[in-house]
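Taking it in order: structure first as structure tokens, then the write-up.
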Amino acid sequence: MKRMMSPRRLTALAGVLGVAFLAGCAKNAPQDTWQPKGPNAEKIDNLNWLVFPIAGVVGVIMLALFAVVMVKFRDRGQPIPKQTHGKPALEVTLTIIPALILSVVGVFTVRGIFDLAEDKDTEMIINVTGQQWWWEYDYPIQEEYGVAQPIITSGQMVIPAGTKVLLRETSRDVIHSFWVPALNGKKDAVPGRIHLLRMEADEPGIYAGQCAEFCGLSHANMRMEVVALSKEDFAAWVKNQLADYNAPAKDTLAKQGEEVFLNQCVRCHQVNGLKRADGTPAIAAPEDNVYAGAAPNLTKFMARNTFAGAMFDLVNKKCREDVWGASSSEFGTKYLAGVTEDCLNTTDLRAWLRNAPVMKPMYANPEKLEPTDGKYRGMPNLNLTEDDIDKLVAYLLTLR
Amino acid sequence: MFTGASKYFLGLTAGAVVSFVLYLLFVTPNDLGAIALGTVVLVAGTLAGVTLFNRDAEADTIEDATGAASQPLSNSVWPLVCALGVALMVVGLASVAMVFLIGLGVLALGAIEWLVQDWAEGASADNKFNAFIRERALNPLELPIFAAIGAGVIAFSFSRIMLAMDKSAGAILFIIIASAVLLVGFLNAFKPNFRGKIVAVLAAVAGVALIAGGVATALSGERSQLAEASAEDHFAHKECGEEKSKYFDKLANNRVPLRSGVTATVILEDGKLRAEMIGFPEPTRYVTIPKANDVSILFRNKDAEDRRLKLTLGTEVVAETGVEEKLYTCTQMTGEDQENVLVVNIKKQSSVAGPYELVVPGIDDAIEVVVP
């Protein structure tokens with residue numbers, strides 16, 4: 001008898017299958033579709049529990065049959081057996097059974113699609129705009145939530161828990177896809193169009209997501225997080241977001257950092273309320289420098305936990321674990337505390353300010369910007385001195 | 001025919017050309033690699049040409065060639081084509097680069113045809129056989145080129161005719177021509193008598209008529225409306241007032257093919273404006289637009305009068321004059337129960353460069369536009 005597979009290959013195959021199997025047991029899997037944390041994700045999960053076992057059983061049967069046929073009838077040099085055609089009873093059976101299975105799956109799937117598209121009972125609206133490689137969230141005026149003026153933020157989208165939030169998605173450059181598995185399925189953000197996606201979280205907490213449509217070099221680094229707060233905490237968050245700009249005190253490192261920001265960063269990044277020395281508002285002009293025409297608004301920057309498209313933590317590991325691991329009742333307080341000096345992840349923030357393209361690939365070679373008319377697709381290397389970085393970090397810490 | 005050595009060198013040339021192209025496309029090219037592969041192409045091509053034309057210096061084939069030389073040679077048009085190519089290149093050098101490139105193409109085509117014809121006529125003493133091998137060598141080159149030229153001439157001539165004719169007459173002509181083509185095709189398929197010379201004559205007459213019509217209409221120019229719109233540059237006169245604009249509203253569309261995915265629909269009804277935004281359960285008094293992003297706003301006029309939607313975008317100081325100018329954009333005039341779309345990309349947030357408003361001239365109402 002011929003040997004089918006060497007022991008070494010069998011061991012390797014068993015190893016791969018074992019690792020794949022064990023991966024399913026991972027506890028720290030924030031983007032697990034099988035752990036729904038909101039009604040829409042729950043609907044998808046319920047559908048999965050119907051479709052997956054059926055598909056799984058069918059798949060296992062077919063693979064087993066396939067394996068048996070491959071082994072039993074493999075070529076041993078025997079003559080080709082007599083060929084037969086036509087078994088009406090078998091053919092009809094093998095047509096009806098899949099049709100029945102598909103009908104059952106189809107009914108529940110179509111109903112699920114309509115359920116997920118429901119938006120008549122929307123309670124809150126957030127505009128979501130994707131661009132290479134970060135998400136912008138703007139909150140239109142909604143007096144009932146205290147949003148008297150539009151709020152604009154990025155990376156982390158804050159929502160009130162237990163509230164039906166409708167996202168109005170679009171894109172500034174290419175097609176992206178917004179996907180936070182714990183809260184809902186994915187929905188494409190397409191330039192020139194508005195697509196709707198419902199978000200609702202049962203409990204306060206942080207829910208991780210990932211752009212799900214390949215969108216260029218740093219697609220893998222285009223992440224997002226949805227932060228759900230209790231209604232009271234959300235009101236406090238809104239109040240803080242709309243609070244006036246607090247200029248750093250004179251003769252401080254932070255004040256010097258504000259000057260560096262005005263000279264360097266404000267070319268692309270807006271901080272609402274920031275003024276130049278002559279008293280005129282400092283208005284960012286990302287449309288002149290960035291291909292997508294926008295850069296993250298850094299007002300209340302330290303009220304977020306992440307930066308650079310939610311790719312890096314603004315808080316150090318200990319504080320991060322403290323916030324992510326908090327109970328529902330404590331979570332809001334810990335999140336709203338923002339990033340303190342003790343909790344700041346200075347390593348990544350300083351590295352980002354030192355040379356951002358090294359941290360996140362963004363086609364930052366100035367000599368290769370012809371396709372984008374000389375505009376960058378992300379933050380370039382500004383060649384800041386260590387002294388400037390010290391000042392900027394001190395200034396950014398005041399944006400709370 | 002192709003001798004052993006010539007086949008070898010032709011194959012080598014083809015392989016080298018493919019390698020050269022792949023190298024340029026997929027490998028970061030440097031001078032040394034390009035020179036090396038380019039040299040292989042040139043050397044292999046030259047050797048292929050030499051072995052092809054001297055037929056490997058084999059006695060039998062030379063004897064054939066000697067016999068072939070005694071045969072009368074056919075007239076050739078290709079020297080004239082080469083001369084035309086050279087003339088075009090000279091003219092192109094003195095005028096437009098494109099003419100030079102066309103001349104280069106004509107010269108290359110003429111040279112290849114001439115060389116292959118000469119090679120084929122010396123292949124044997126049998127003229128039919130020589131013609132056969134000439135066709136076999138050149139058909140793969142000739143057919144696509146002549147087909148492309150033919151299709152280009154047809155498309156160009158037809159487009160000139162359509163641009164010169166009245167819009168309605170053009171549509172009718174198009175229907176007639178399409179029907180005629182269908183009819184001829186039908187007859188050709190089902191009536192055996194309707195083949196051969198009849199079809200050839202019809203095709204020739206139609207071709208000549210098409211080219212003649214194309215040349216005549218190209219010389220006479222586009223129809224008056226198009227010529228007028230081009231000369232007056234209608235869309236450069238973007239007048240957004242209450243009155244109908246002489247230019248901007250001249251060819252008002254009043255139809256919007258794509259309604260889905262618009263940021264907002266602004267409706268004028270009973271002298272009031274309201275905005276309906278996708279996802280918002282109720283009409284709003286403001287429209288939120290993301291900064292620096294192309295968005296579409298649909299205007300639906302339910303007023304008895306013709307109206308337009310106008311977006312005011314604050315003011316801007318003109319650098320040259322120092323004068324402050326109002327910034328705005330608008331739709332074309334829109335009739336009752338009709339729609340037009342406004343595509344905008346607002347660069348600055350409304351809190352600093354605004355306020356921005358959607359208004360309808362002649363109507364005392366406004367929708368605020370918020371750009372966060």
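Here, A, B, ... name the chains of the structure tokens in the order displayed, residue numbers run from 1 inside each chain, and ligands are numbered from 1 in the same displayed order.
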Hey, what's within 10 Å of Lys348 (chain B) if we count only C-alpha atoms and toss same-chain stuff fewer than 2 positions away? As a PyMOL selection string, please?
-> (chain A and resi 283-287) or (chain B and resi 290-292+313+345-346+350-354+371-372)
Just the strand (DSSP E) stuff from region 136-376 of chain A, please, per backbone DSSP, written as a PDB file with N, CA and C atoms, in the first residue's frame.
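This went into result.pdb:
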```
ATOM      1  N   GLU A 136     -13.718  59.730  11.147  1.00  0.00           N
ATOM      2  CA  GLU A 136     -14.130  60.968  11.801  1.00  0.00           C
ATOM      3  C   GLU A 136     -15.599  60.825  12.195  1.00  0.00           C
ATOM      4  N   TYR A 137     -15.931  61.307  13.387  1.00  0.00           N
ATOM      5  CA  TYR A 137     -17.313  61.246  13.864  1.00  0.00           C
ATOM      6  C   TYR A 137     -17.784  62.662  14.147  1.00  0.00           C
ATOM      7  N   ASP A 138     -18.881  63.064  13.523  1.00  0.00           N
ATOM      8  CA  ASP A 138     -19.439  64.352  13.919  1.00  0.00           C
ATOM      9  C   ASP A 138     -20.881  64.170  14.366  1.00  0.00           C
ATOM     10  N   TYR A 139     -21.163  64.839  15.460  1.00  0.00           N
ATOM     11  CA  TYR A 139     -22.469  64.721  16.109  1.00  0.00           C
ATOM     12  C   TYR A 139     -23.282  65.942  15.723  1.00  0.00           C
ATOM     13  N   ILE A 151     -20.372  68.379  17.490  1.00  0.00           N
ATOM     14  CA  ILE A 151     -19.144  67.866  18.118  1.00  0.00           C
ATOM     15  C   ILE A 151     -18.411  67.059  17.055  1.00  0.00           C
ATOM     16  N   ILE A 152     -17.107  67.221  17.027  1.00  0.00           N
ATOM     17  CA  ILE A 152     -16.345  66.444  16.046  1.00  0.00           C
ATOM     18  C   ILE A 152     -15.174  65.770  16.753  1.00  0.00           C
ATOM     19  N   THR A 153     -15.022  64.494  16.469  1.00  0.00           N
ATOM     20  CA  THR A 153     -13.950  63.738  17.118  1.00  0.00           C
ATOM     21  C   THR A 153     -13.498  62.624  16.173  1.00  0.00           C
ATOM     22  N   SER A 154     -12.573  61.796  16.622  1.00  0.00           N
ATOM     23  CA  SER A 154     -12.076  60.724  15.745  1.00  0.00           C
ATOM     24  C   SER A 154     -11.558  59.557  16.570  1.00  0.00           C
ATOM     25  N   GLN A 156     -12.232  57.160  18.495  1.00  0.00           N
ATOM     26  CA  GLN A 156     -13.231  56.574  19.397  1.00  0.00           C
ATOM     27  C   GLN A 156     -14.557  57.306  19.239  1.00  0.00           C
ATOM     28  N   MET A 157     -15.595  56.548  18.962  1.00  0.00           N
ATOM     29  CA  MET A 157     -16.933  57.129  18.858  1.00  0.00           C
ATOM     30  C   MET A 157     -17.672  56.860  20.168  1.00  0.00           C
ATOM     31  N   VAL A 158     -18.119  57.910  20.813  1.00  0.00           N
ATOM     32  CA  VAL A 158     -18.783  57.767  22.109  1.00  0.00           C
ATOM     33  C   VAL A 158     -20.292  57.808  21.903  1.00  0.00           C
ATOM     34  N   ILE A 159     -20.982  56.826  22.472  1.00  0.00           N
ATOM     35  CA  ILE A 159     -22.441  56.767  22.342  1.00  0.00           C
ATOM     36  C   ILE A 159     -23.059  56.485  23.713  1.00  0.00           C
ATOM     37  N   PRO A 160     -24.312  56.863  23.885  1.00  0.00           N
ATOM     38  CA  PRO A 160     -24.983  56.467  25.126  1.00  0.00           C
ATOM     39  C   PRO A 160     -25.428  55.004  25.030  1.00  0.00           C
ATOM     40  N   VAL A 165     -28.580  54.290  18.077  1.00  0.00           N
ATOM     41  CA  VAL A 165     -27.789  55.314  17.385  1.00  0.00           C
ATOM     42  C   VAL A 165     -27.707  54.937  15.909  1.00  0.00           C
ATOM     43  N   LEU A 166     -27.971  55.908  15.052  1.00  0.00           N
ATOM     44  CA  LEU A 166     -27.894  55.646  13.613  1.00  0.00           C
ATOM     45  C   LEU A 166     -26.665  56.351  13.046  1.00  0.00           C
ATOM     46  N   LEU A 167     -25.798  55.582  12.410  1.00  0.00           N
ATOM     47  CA  LEU A 167     -24.613  56.162  11.781  1.00  0.00           C
ATOM     48  C   LEU A 167     -24.939  56.485  10.333  1.00  0.00           C
ATOM     49  N   ARG A 168     -24.577  57.701   9.922  1.00  0.00           N
ATOM     50  CA  ARG A 168     -24.708  58.093   8.505  1.00  0.00           C
ATOM     51  C   ARG A 168     -23.299  58.083   7.932  1.00  0.00           C
ATOM     52  N   GLU A 169     -22.986  57.021   7.209  1.00  0.00           N
ATOM     53  CA  GLU A 169     -21.608  56.803   6.779  1.00  0.00           C
ATOM     54  C   GLU A 169     -21.338  57.355   5.383  1.00  0.00           C
ATOM     55  N   THR A 170     -20.159  57.928   5.227  1.00  0.00           N
ATOM     56  CA  THR A 170     -19.676  58.285   3.897  1.00  0.00           C
ATOM     57  C   THR A 170     -18.148  58.232   3.935  1.00  0.00           C
ATOM     58  N   SER A 171     -17.532  58.573   2.810  1.00  0.00           N
ATOM     59  CA  SER A 171     -16.067  58.520   2.741  1.00  0.00           C
ATOM     60  C   SER A 171     -15.547  59.711   1.958  1.00  0.00           C
ATOM     61  N   HIS A 176     -14.437  52.518   2.291  1.00  0.00           N
ATOM     62  CA  HIS A 176     -14.051  51.892   3.558  1.00  0.00           C
ATOM     63  C   HIS A 176     -15.257  51.089   4.057  1.00  0.00           C
ATOM     64  N   SER A 177     -15.083  50.399   5.163  1.00  0.00           N
ATOM     65  CA  SER A 177     -16.215  49.665   5.729  1.00  0.00           C
ATOM     66  C   SER A 177     -16.139  49.709   7.250  1.00  0.00           C
ATOM     67  N   PHE A 178     -17.224  50.175   7.854  1.00  0.00           N
ATOM     68  CA  PHE A 178     -17.265  50.343   9.304  1.00  0.00           C
ATOM     69  C   PHE A 178     -17.741  49.043   9.937  1.00  0.00           C
ATOM     70  N   LYS A 187     -20.724  47.826   7.267  1.00  0.00           N
ATOM     71  CA  LYS A 187     -21.414  48.614   6.236  1.00  0.00           C
ATOM     72  C   LYS A 187     -20.376  49.477   5.521  1.00  0.00           C
ATOM     73  N   ASP A 188     -20.401  49.450   4.197  1.00  0.00           N
ATOM     74  CA  ASP A 188     -19.427  50.220   3.421  1.00  0.00           C
ATOM     75  C   ASP A 188     -19.670  51.717   3.540  1.00  0.00           C
ATOM     76  N   ALA A 189     -18.588  52.470   3.619  1.00  0.00           N
ATOM     77  CA  ALA A 189     -18.650  53.934   3.534  1.00  0.00           C
ATOM     78  C   ALA A 189     -18.146  54.302   2.141  1.00  0.00           C
ATOM     79  N   HIS A 195     -24.665  55.998   3.671  1.00  0.00           N
ATOM     80  CA  HIS A 195     -25.164  54.670   4.037  1.00  0.00           C
ATOM     81  C   HIS A 195     -25.462  54.648   5.533  1.00  0.00           C
ATOM     82  N   LEU A 196     -26.493  53.915   5.899  1.00  0.00           N
ATOM     83  CA  LEU A 196     -26.940  53.916   7.300  1.00  0.00           C
ATOM     84  C   LEU A 196     -26.546  52.623   8.003  1.00  0.00           C
ATOM     85  N   LEU A 197     -26.165  52.757   9.270  1.00  0.00           N
ATOM     86  CA  LEU A 197     -25.828  51.586  10.083  1.00  0.00           C
ATOM     87  C   LEU A 197     -26.240  51.861  11.531  1.00  0.00           C
ATOM     88  N   ARG A 198     -26.973  50.930  12.097  1.00  0.00           N
ATOM     89  CA  ARG A 198     -27.440  51.088  13.470  1.00  0.00           C
ATOM     90  C   ARG A 198     -26.368  50.603  14.445  1.00  0.00           C
ATOM     91  N   MET A 199     -26.152  51.379  15.525  1.00  0.00           N
ATOM     92  CA  MET A 199     -25.261  50.965  16.615  1.00  0.00           C
ATOM     93  C   MET A 199     -26.036  51.035  17.921  1.00  0.00           C
ATOM     94  N   GLY A 205     -19.040  50.317  27.967  1.00  0.00           N
ATOM     95  CA  GLY A 205     -17.807  49.573  27.696  1.00  0.00           C
ATOM     96  C   GLY A 205     -17.162  50.054  26.414  1.00  0.00           C
ATOM     97  N   ILE A 206     -16.027  49.460  26.065  1.00  0.00           N
ATOM     98  CA  ILE A 206     -15.334  49.798  24.821  1.00  0.00           C
ATOM     99  C   ILE A 206     -15.455  48.612  23.880  1.00  0.00           C
ATOM    100  N   TYR A 207     -15.812  48.900  22.638  1.00  0.00           N
ATOM    101  CA  TYR A 207     -16.009  47.838  21.650  1.00  0.00           C
ATOM    102  C   TYR A 207     -15.116  48.123  20.441  1.00  0.00           C
ATOM    103  N   ALA A 208     -14.261  47.159  20.128  1.00  0.00           N
ATOM    104  CA  ALA A 208     -13.237  47.385  19.095  1.00  0.00           C
ATOM    105  C   ALA A 208     -13.757  47.026  17.711  1.00  0.00           C
ATOM    106  N   GLY A 209     -13.222  47.737  16.725  1.00  0.00           N
ATOM    107  CA  GLY A 209     -13.605  47.467  15.341  1.00  0.00           C
ATOM    108  C   GLY A 209     -12.443  47.651  14.399  1.00  0.00           C
ATOM    109  N   GLN A 210     -12.698  47.420  13.127  1.00  0.00           N
ATOM    110  CA  GLN A 210     -11.639  47.394  12.130  1.00  0.00           C
ATOM    111  C   GLN A 210     -12.250  47.714  10.763  1.00  0.00           C
ATOM    112  N   ARG A 223      -8.344  51.374  12.469  1.00  0.00           N
ATOM    113  CA  ARG A 223      -9.201  50.758  13.480  1.00  0.00           C
ATOM    114  C   ARG A 223     -10.196  51.774  14.010  1.00  0.00           C
ATOM    115  N   MET A 224     -11.086  51.295  14.821  1.00  0.00           N
ATOM    116  CA  MET A 224     -12.030  52.205  15.486  1.00  0.00           C
ATOM    117  C   MET A 224     -12.503  51.553  16.762  1.00  0.00           C
ATOM    118  N   GLU A 225     -12.964  52.381  17.673  1.00  0.00           N
ATOM    119  CA  GLU A 225     -13.533  51.871  18.914  1.00  0.00           C
ATOM    120  C   GLU A 225     -14.818  52.624  19.202  1.00  0.00           C
ATOM    121  N   VAL A 226     -15.811  51.890  19.633  1.00  0.00           N
ATOM    122  CA  VAL A 226     -17.052  52.524  20.084  1.00  0.00           C
ATOM    123  C   VAL A 226     -17.048  52.481  21.606  1.00  0.00           C
ATOM    124  N   VAL A 227     -17.211  53.647  22.206  1.00  0.00           N
ATOM    125  CA  VAL A 227     -17.243  53.737  23.666  1.00  0.00           C
ATOM    126  C   VAL A 227     -18.684  54.017  24.081  1.00  0.00           C
ATOM    127  N   ALA A 228     -19.267  53.082  24.813  1.00  0.00           N
ATOM    128  CA  ALA A 228     -20.642  53.275  25.291  1.00  0.00           C
ATOM    129  C   ALA A 228     -20.604  53.739  26.744  1.00  0.00           C
ATOM    130  N   LEU A 229     -21.315  54.822  27.000  1.00  0.00           N
ATOM    131  CA  LEU A 229     -21.384  55.366  28.363  1.00  0.00           C
ATOM    132  C   LEU A 229     -22.838  55.364  28.819  1.00  0.00           C
ATOM    133  N   THR A 306      -7.154  56.722  22.439  1.00  0.00           N
ATOM    134  CA  THR A 306      -6.321  56.246  21.331  1.00  0.00           C
ATOM    135  C   THR A 306      -5.970  57.402  20.409  1.00  0.00           C
ATOM    136  N   PHE A 307      -5.016  57.173  19.504  1.00  0.00           N
ATOM    137  CA  PHE A 307      -4.713  58.167  18.467  1.00  0.00           C
ATOM    138  C   PHE A 307      -4.247  57.434  17.210  1.00  0.00           C
ATOM    139  N   PHE A 312      -2.948  53.350  18.135  1.00  0.00           N
ATOM    140  CA  PHE A 312      -2.095  53.361  19.325  1.00  0.00           C
ATOM    141  C   PHE A 312      -2.883  53.863  20.527  1.00  0.00           C
ATOM    142  N   ASP A 313      -2.520  53.328  21.683  1.00  0.00           N
ATOM    143  CA  ASP A 313      -3.169  53.776  22.922  1.00  0.00           C
ATOM    144  C   ASP A 313      -2.554  55.087  23.379  1.00  0.00           C
TER     145      ASP A 313
END
```
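Taking CA of Glu203 (chain A) as the reference point, CA of Ala308 (chain A) is found at 26.3 Å.
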Pull the closest atom pair for each residue of chain A that gets at most 6 Å from chain B, along with the distance in Å to one decimal, counting only C-alpha atoms, ordering rows by chain and then ascending residue number, as JSON lines.
```
{"residue": "A:Pro150", "atom": "CA", "partner": "B:Pro372", "partner_atom": "CA", "distance": 5.9}
{"residue": "A:Arg172", "atom": "CA", "partner": "B:Asn293", "partner_atom": "CA", "distance": 5.4}
{"residue": "A:Gly192", "atom": "CA", "partner": "B:Val295", "partner_atom": "CA", "distance": 5.5}
{"residue": "A:Arg193", "atom": "CA", "partner": "B:Gly261", "partner_atom": "CA", "distance": 4.3}
{"residue": "A:Ile194", "atom": "CA", "partner": "B:Gly261", "partner_atom": "CA", "distance": 4.7}
{"residue": "A:Gly293", "atom": "CA", "partner": "B:Ala292", "partner_atom": "CA", "distance": 5.4}
```
Output file for the selection above: C-alpha atoms, as a PDB file, in the first residue's frame:
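Below is the file again.pdb, written as the result:
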```pdb
ATOM      1  CA  PRO A 150     -21.792  70.015  16.457  1.00  0.00           C
ATOM      2  CA  ARG A 172     -13.730  61.253   1.563  1.00  0.00           C
ATOM      3  CA  GLY A 192     -20.568  60.644  -2.482  1.00  0.00           C
ATOM      4  CA  ARG A 193     -23.155  58.441  -0.791  1.00  0.00           C
ATOM      5  CA  ILE A 194     -24.764  58.182   2.630  1.00  0.00           C
ATOM      6  CA  GLY A 293      -8.873  66.936   2.658  1.00  0.00           C
TER       7      GLY A 293
END
```
May I have the residues within 6 Å of region 371-384 of chain A as a ChimeraX atom specification, using only C-alpha atoms and disregarding those fewer than 3 positions away in the same chain?
-> /A:289-291,355-356,362,364,388
Write out the residues from the selection above, keeping N, CA and C atoms, as a PDB file, in the first residue's frame.
```pdb
ATOM      1  N   ASN A 289      -3.073  70.214   2.312  1.00  0.00           N
ATOM      2  CA  ASN A 289      -1.925  69.367   2.630  1.00  0.00           C
ATOM      3  C   ASN A 289      -2.203  67.869   2.644  1.00  0.00           C
ATOM      4  N   VAL A 290      -3.461  67.501   2.830  1.00  0.00           N
ATOM      5  CA  VAL A 290      -3.797  66.086   2.976  1.00  0.00           C
ATOM      6  C   VAL A 290      -4.679  65.649   1.812  1.00  0.00           C
ATOM      7  N   TYR A 291      -4.395  64.495   1.281  1.00  0.00           N
ATOM      8  CA  TYR A 291      -5.114  64.002   0.104  1.00  0.00           C
ATOM      9  C   TYR A 291      -6.618  63.894   0.355  1.00  0.00           C
ATOM     10  N   ASN A 355       8.468  60.610  14.226  1.00  0.00           N
ATOM     11  CA  ASN A 355       8.447  60.152  12.830  1.00  0.00           C
ATOM     12  C   ASN A 355       7.221  59.267  12.607  1.00  0.00           C
ATOM     13  N   ALA A 356       6.094  59.884  12.319  1.00  0.00           N
ATOM     14  CA  ALA A 356       4.825  59.157  12.215  1.00  0.00           C
ATOM     15  C   ALA A 356       4.836  58.058  11.141  1.00  0.00           C
ATOM     16  N   MET A 362       2.236  55.369   5.336  1.00  0.00           N
ATOM     17  CA  MET A 362       1.268  56.324   4.784  1.00  0.00           C
ATOM     18  C   MET A 362       1.773  56.978   3.492  1.00  0.00           C
ATOM     19  N   ALA A 364       4.602  58.287   2.714  1.00  0.00           N
ATOM     20  CA  ALA A 364       5.059  59.599   3.185  1.00  0.00           C
ATOM     21  C   ALA A 364       6.327  60.084   2.512  1.00  0.00           C
ATOM     22  N   ASP A 388      11.098  70.251  20.899  1.00  0.00           N
ATOM     23  CA  ASP A 388       9.732  70.542  20.406  1.00  0.00           C
ATOM     24  C   ASP A 388       8.756  69.449  20.816  1.00  0.00           C
TER      25      ASP A 388
END
```
Please provide as a VMD selection string all residues within 6 Å of region 103-106 of chain B, with the sequence filter that same-chain residues fewer than 4 positions apart are discarded (counting only C-alpha atoms).
-> chain B and resid 85 88 to 89
